[in-house]
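Peer 1: What follows is the file upload.pdb, containing PDB, C-alpha atoms:
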ATOM      1  CA  ARG A   1      -4.117  91.288  93.053
ATOM      2  CA  THR A   2      -5.560  92.343  89.749
ATOM      3  CA  CYS A   3      -4.077  94.262  86.867
ATOM      4  CA  THR A   4      -5.107  97.912  86.845
ATOM      5  CA  LEU A   5      -4.504  98.331  83.123
ATOM      6  CA  HIS A   6      -7.360  97.592  80.748
ATOM      7  CA  LEU A   7      -6.002  95.194  78.135
ATOM      8  CA  ASP A   8      -7.800  93.400  75.323
ATOM      9  CA  GLY A   9      -8.001  89.736  76.263
ATOM     10  CA  GLN A  10      -8.450  88.477  72.708
ATOM     11  CA  ASP A  11      -5.294  90.275  71.543
ATOM     12  CA  LEU A  12      -3.370  89.271  74.645
ATOM     13  CA  HIS A  13      -4.195  85.589  74.225
ATOM     14  CA  HIS A  14      -3.126  85.698  70.585
ATOM     15  CA  THR A  15       0.146  87.434  71.524
ATOM     16  CA  VAL A  16       1.264  85.482  74.602
ATOM     17  CA  ASP A  17       2.077  81.812  73.963
ATOM     18  CA  ARG A  18      -0.511  79.579  75.653
ATOM     19  CA  GLY A  19       2.278  77.744  77.454
ATOM     20  CA  ARG A  20       2.835  80.954  79.437
ATOM     21  CA  TRP A  21      -0.749  81.416  80.712
ATOM     22  CA  CYS A  22       0.366  80.560  84.230
ATOM     23  CA  VAL A  23      -0.037  81.589  87.861
ATOM     24  CA  THR A  24       2.335  81.365  90.805
ATOM     25  CA  LYS A  25       1.817  79.609  94.102
ATOM     26  CA  LEU A  26       1.377  83.015  95.745
ATOM     27  CA  ASP A  27      -1.306  83.848  93.154
ATOM     28  CA  LEU A  28      -3.183  80.720  94.274
ATOM     29  CA  VAL A  29      -2.829  81.676  97.939
ATOM     30  CA  ASP A  30      -4.226  85.126  97.119
ATOM     31  CA  PHE A  31      -6.999  83.633  94.962
ATOM     32  CA  ARG A  32      -8.083  81.300  97.775
ATOM     33  CA  ARG A  33      -8.178  84.214 100.235
ATOM     34  CA  ASP A  34     -10.141  86.384  97.800
ATOM     35  CA  VAL A  35     -12.669  83.621  97.064
ATOM     36  CA  ARG A  36     -13.209  83.078 100.796
ATOM     37  CA  ARG A  37     -13.829  86.807 101.180
ATOM     38  CA  ALA A  38     -16.237  86.815  98.225
ATOM     39  CA  VAL A  39     -18.220  83.970  99.813
ATOM     40  CA  ARG A  40     -18.318  85.760 103.187
ATOM     41  CA  GLU A  41     -19.513  88.975 101.529
ATOM     42  CA  GLY A  42     -22.171  87.207  99.432
ATOM     43  CA  GLN A  43     -20.474  87.835  96.098
ATOM     44  CA  ILE A  44     -20.369  84.044  95.568
ATOM     45  CA  GLU A  45     -23.671  82.441  96.543
ATOM     46  CA  PRO A  46     -25.136  78.937  96.553
ATOM     47  CA  THR A  47     -27.248  78.000  93.532
ATOM     48  CA  ALA A  48     -29.672  75.209  92.653
ATOM     49  CA  LEU A  49     -26.731  73.386  91.039
ATOM     50  CA  ASP A  50     -24.286  74.105  93.867
ATOM     51  CA  ALA A  51     -25.918  74.272  97.281
ATOM     52  CA  PHE A  52     -22.611  74.716  99.113
ATOM     53  CA  ASP A  53     -22.617  75.839 102.730
ATOM     54  CA  PRO A  54     -21.143  79.372 102.943
ATOM     55  CA  GLU A  55     -19.974  78.529 106.482
ATOM     56  CA  ASP A  56     -17.981  75.504 105.261
ATOM     57  CA  SER A  57     -14.242  76.162 105.043
ATOM     58  CA  ARG A  58     -13.127  72.699 103.862
ATOM     59  CA  ILE A  59     -14.885  72.065 100.527
ATOM     60  CA  GLY A  60     -16.346  75.394  99.394
ATOM     61  CA  PRO A  61     -18.280  76.291  96.259
ATOM     62  CA  ASN A  62     -17.504  74.224  93.221
ATOM     63  CA  ILE A  63     -15.169  75.541  90.552
ATOM     64  CA  TYR A  64     -18.024  76.061  88.095
ATOM     65  CA  THR A  65     -19.747  78.405  90.582
ATOM     66  CA  VAL A  66     -16.493  80.253  91.333
ATOM     67  CA  ASN A  67     -15.916  80.652  87.614
ATOM     68  CA  GLU A  68     -19.418  81.996  86.886
ATOM     69  CA  GLN A  69     -19.769  84.263  89.921
ATOM     70  CA  TYR A  70     -16.192  85.411  90.489
ATOM     71  CA  ILE A  71     -13.628  84.721  87.738
ATOM     72  CA  LYS A  72     -15.788  85.705  84.780
ATOM     73  CA  PRO A  73     -17.087  89.023  86.169
ATOM     74  CA  ILE A  74     -13.635  90.173  87.281
ATOM     75  CA  THR A  75     -11.834  89.186  84.088
ATOM     76  CA  ARG A  76     -14.673  90.622  81.953
ATOM     77  CA  LYS A  77     -14.196  93.976  83.652
ATOM     78  CA  ALA A  78     -10.412  93.760  83.138
ATOM     79  CA  GLY A  79     -10.714  93.101  79.381
ATOM     80  CA  ASN A  80     -11.734  89.436  78.963
ATOM     81  CA  MET A  81      -8.313  87.889  79.428
ATOM     82  CA  SER A  82      -7.683  84.898  81.647
ATOM     83  CA  TRP A  83      -7.039  85.324  85.356
ATOM     84  CA  ALA A  84      -3.411  84.325  84.716
ATOM     85  CA  LEU A  85      -2.820  86.985  82.049
ATOM     86  CA  MET A  86      -4.766  89.549  84.044
ATOM     87  CA  LEU A  87      -2.099  89.110  86.742
ATOM     88  CA  HIS A  88       0.865  88.502  84.433
ATOM     89  CA  PRO A  89       0.210  90.117  81.013
ATOM     90  CA  ASP A  90       3.555  88.893  79.641
ATOM     91  CA  GLY A  91       2.914  85.371  80.906
ATOM     92  CA  LEU A  92       5.166  83.149  82.993
ATOM     93  CA  VAL A  93       7.321  80.156  82.160
ATOM     94  CA  CYS A  94       5.278  77.079  83.029
ATOM     95  CA  ASP A  95       6.800  74.508  85.407
ATOM     96  CA  LEU A  96       3.652  72.627  86.345
ATOM     97  CA  PHE A  97       0.302  71.562  84.861
ATOM     98  CA  ILE A  98      -2.674  71.332  87.228
ATOM     99  CA  THR A  99      -5.932  69.651  86.314
ATOM    100  CA  HIS A 100      -9.225  69.835  88.178
ATOM    101  CA  ALA A 101     -12.853  68.763  88.057
ATOM    102  CA  TRP A 102     -15.412  71.533  87.599
ATOM    103  CA  GLN A 103     -17.604  70.015  90.339
ATOM    104  CA  GLU A 104     -14.699  70.000  92.820
ATOM    105  CA  GLY A 105     -14.912  72.310  95.810
ATOM    106  CA  ILE A 106     -12.515  75.239  95.432
ATOM    107  CA  TYR A 107     -11.175  75.161  99.004
ATOM    108  CA  GLU A 108     -10.466  71.438  98.843
ATOM    109  CA  PHE A 109      -8.811  71.862  95.435
ATOM    110  CA  MET A 110      -6.627  74.753  96.588
ATOM    111  CA  ARG A 111      -5.592  72.936  99.760
ATOM    112  CA  LYS A 112      -4.479  69.897  97.765
ATOM    113  CA  VAL A 113      -2.627  71.949  95.155
ATOM    114  CA  LEU A 114      -0.855  74.177  97.667
ATOM    115  CA  ASN A 115       0.096  71.233  99.903
ATOM    116  CA  SER A 116       1.547  69.263  96.994
ATOM    117  CA  TRP A 117       3.232  72.111  95.082
ATOM    118  CA  PRO A 118       6.620  70.697  94.001
ATOM    119  CA  TYR A 119       9.783  72.239  95.374
ATOM    120  CA  GLY A 120      11.341  74.549  92.799
ATOM    121  CA  ALA A 121       8.193  74.982  90.704
ATOM    122  CA  ARG A 122       7.569  78.670  90.097
ATOM    123  CA  SER A 123       4.364  78.748  88.044
ATOM    124  CA  ALA A 124       1.562  76.497  86.912
ATOM    125  CA  TYR A 125      -0.980  76.204  84.141
ATOM    126  CA  CYS A 126      -4.430  75.603  85.622
ATOM    127  CA  CYS A 127      -7.216  75.770  83.027
ATOM    128  CA  MET A 128      -9.792  77.656  85.124
ATOM    129  CA  LEU A 129      -7.231  80.434  85.605
ATOM    130  CA  ALA A 130      -5.220  80.009  82.391
ATOM    131  CA  ASN A 131      -7.978  79.966  79.777
ATOM    132  CA  PRO A 132      -9.947  83.146  79.027
ATOM    133  CA  GLN A 133     -13.315  82.158  80.490
ATOM    134  CA  ASN A 134     -15.254  84.931  78.707
ATOM    135  CA  LEU A 135     -13.880  84.178  75.241
ATOM    136  CA  GLY A 136     -14.403  81.279  72.887
ATOM    137  CA  ILE A 137     -11.141  79.386  73.113
ATOM    138  CA  ALA A 138     -11.597  77.039  70.143
ATOM    139  CA  ASP A 139      -9.432  79.185  67.869
ATOM    140  CA  LEU A 140      -6.864  79.665  70.634
ATOM    141  CA  ILE A 141      -6.306  75.939  71.132
ATOM    142  CA  SER A 142      -7.193  74.539  67.703
ATOM    143  CA  ASN A 143      -3.565  74.328  66.563
ATOM    144  CA  PRO A 144      -1.691  72.082  69.008
ATOM    145  CA  ARG A 145       1.963  72.886  69.536
TER     146      ARG A 145
END
Write the structure described by the file as structure tokens, please.

Peer 2:
Amino acid sequence: RTCTLHLDGQDLHHTVDRGRWCVTKLDLVDFRRDVRRAVREGQIEPTALDAFDPEDSRIGPNIYTVNEQYIKPITRKAGNMSWALMLHPDGLVCDLFITHAWQEGIYEFMRKVLNSWPYGARSAYCCMLANPQNLGIADLISNPR
């Protein structure tokens, strides 16, 4: 699911409070499915720095590779906003903060997050999906609140 409107990511990230740059559990389920499809179709490919096995369904490409080959191109085309604001331009109330390692396999990460999602949590901040990957974020996060 992607937003069909073309919005300006820089403006959007200055308008929507960073505490609302969130995704839902269903968004993560959809993202995992879409990444698997992108790997199958060759849109996400192994590199010298990430020689993942495209046939592997347990670990998958690392998050850095998914970001470079999948998140960045799609969000660039949509207007340079984050994946979260591409899906939810008004943002969502954040119930959960998710951290990850950039070298972590995306399938393993998603499995762990989805299997441990707390009951009652509606949306989560996850930096790879919350931060605008095509924009410099220093000015967006320089003033802690």

Peer 1: Give one line per residue of region 10-29 of chain A that approaches region 87-100 of chain A to at most 8 Å, naming the two atoms of the closest pair and their distance in Å to one decimal, counting only C-alpha atoms; sort by chain then ascending residue number and deliver it as CSV.

Peer 2:
residue,atom,partner,partner_atom,distance
A:Leu12,CA,A:Pro89,CA,7.4
A:Val16,CA,A:Asp90,CA,6.5
A:Asp17,CA,A:Gly91,CA,7.8
A:Gly19,CA,A:Cys94,CA,6.4
A:Arg20,CA,A:Gly91,CA,4.7
A:Trp21,CA,A:Gly91,CA,5.4
A:Cys22,CA,A:Leu92,CA,5.6
A:Val23,CA,A:Leu92,CA,7.3

Peer 1: Can you list what the PyMOL selection byres ((chain A and resi 42-45) around 9) grabs from this structure, as a list in words?

Peer 2: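 Matching residues under the PyMOL selection byres ((chain A and resi 42-45) around 9) are Val35, Arg36, Arg37, Ala38, Val39, Arg40, Glu41, Pro46, Thr47, Asp50, Ala51, Phe52, Pro54, Pro61, Thr65, Val66, Glu68, Gln69 and Tyr70 of chain A.
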
Peer 1: Counting all atoms listed in the file, figure out which residue out of A:Leu135, A:Ala84, A:Ala48, A:Leu28 gets nearest to Val113 (chain A).

Peer 2: A:Leu28

Peer 1: Apply the PyMOL selection byres ((chain A and resi 108) around 10) to the file shown and report the selected residues as an NGL selection string.

Peer 2: :A and (57-62 or 104-107 or 109-113)

Peer 1: In Å, rounded to a single decimal, give me how far CA of Ala130 (chain A) is from CA of Met81 (chain A).

Peer 2: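 Atom-to-atom, CA of Met81 (chain A) to CA of Ala130 (chain A), that is 9.0 Å.
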
Peer 1: Could you jot down the CA of Asn131 (chain A) to CA of His14 (chain A) separation for me, Å, one decimal place?

Peer 2: 11.9 Å

Peer 1: Residues within 9 Å of Ala121 (chain A), please, as a VMD selection string. Count all atoms listed in the file; anything in the same chain fewer than 2 positions from it doesn't count.

Peer 2: chain A and resid 24 to 25 94 to 96 117 to 119 123 to 124

Peer 1: Could you list the residues chosen by the PyMOL selection byres ((chain A and resi 79) around 9) in this structure as a list in words?

Peer 2: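 Output of the PyMOL selection byres ((chain A and resi 79) around 9): Leu5, His6, Leu7, Asp8, Gly9, Gln10, Ile74, Thr75, Arg76, Lys77, Ala78, Asn80, Met81 and Met86 of chain A.
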
Peer 1: Please compute the CA of Ile71 (chain A)-CA of Leu129 (chain A) distance, one decimal, in Å.

Peer 2: 8.0 Å

Peer 1: Hey, could you pull the box centre and edge lengths for region 53-65 of chain A, axis-aligned, 3 Å padding per side, all listed atoms, to one decimal in Å, as AutoDock Vina command-line options?

Peer 2:
--center_x -17.9 --center_y 75.7 --center_z 97.3 --size_x 15.5 --size_y 13.3 --size_z 24.4
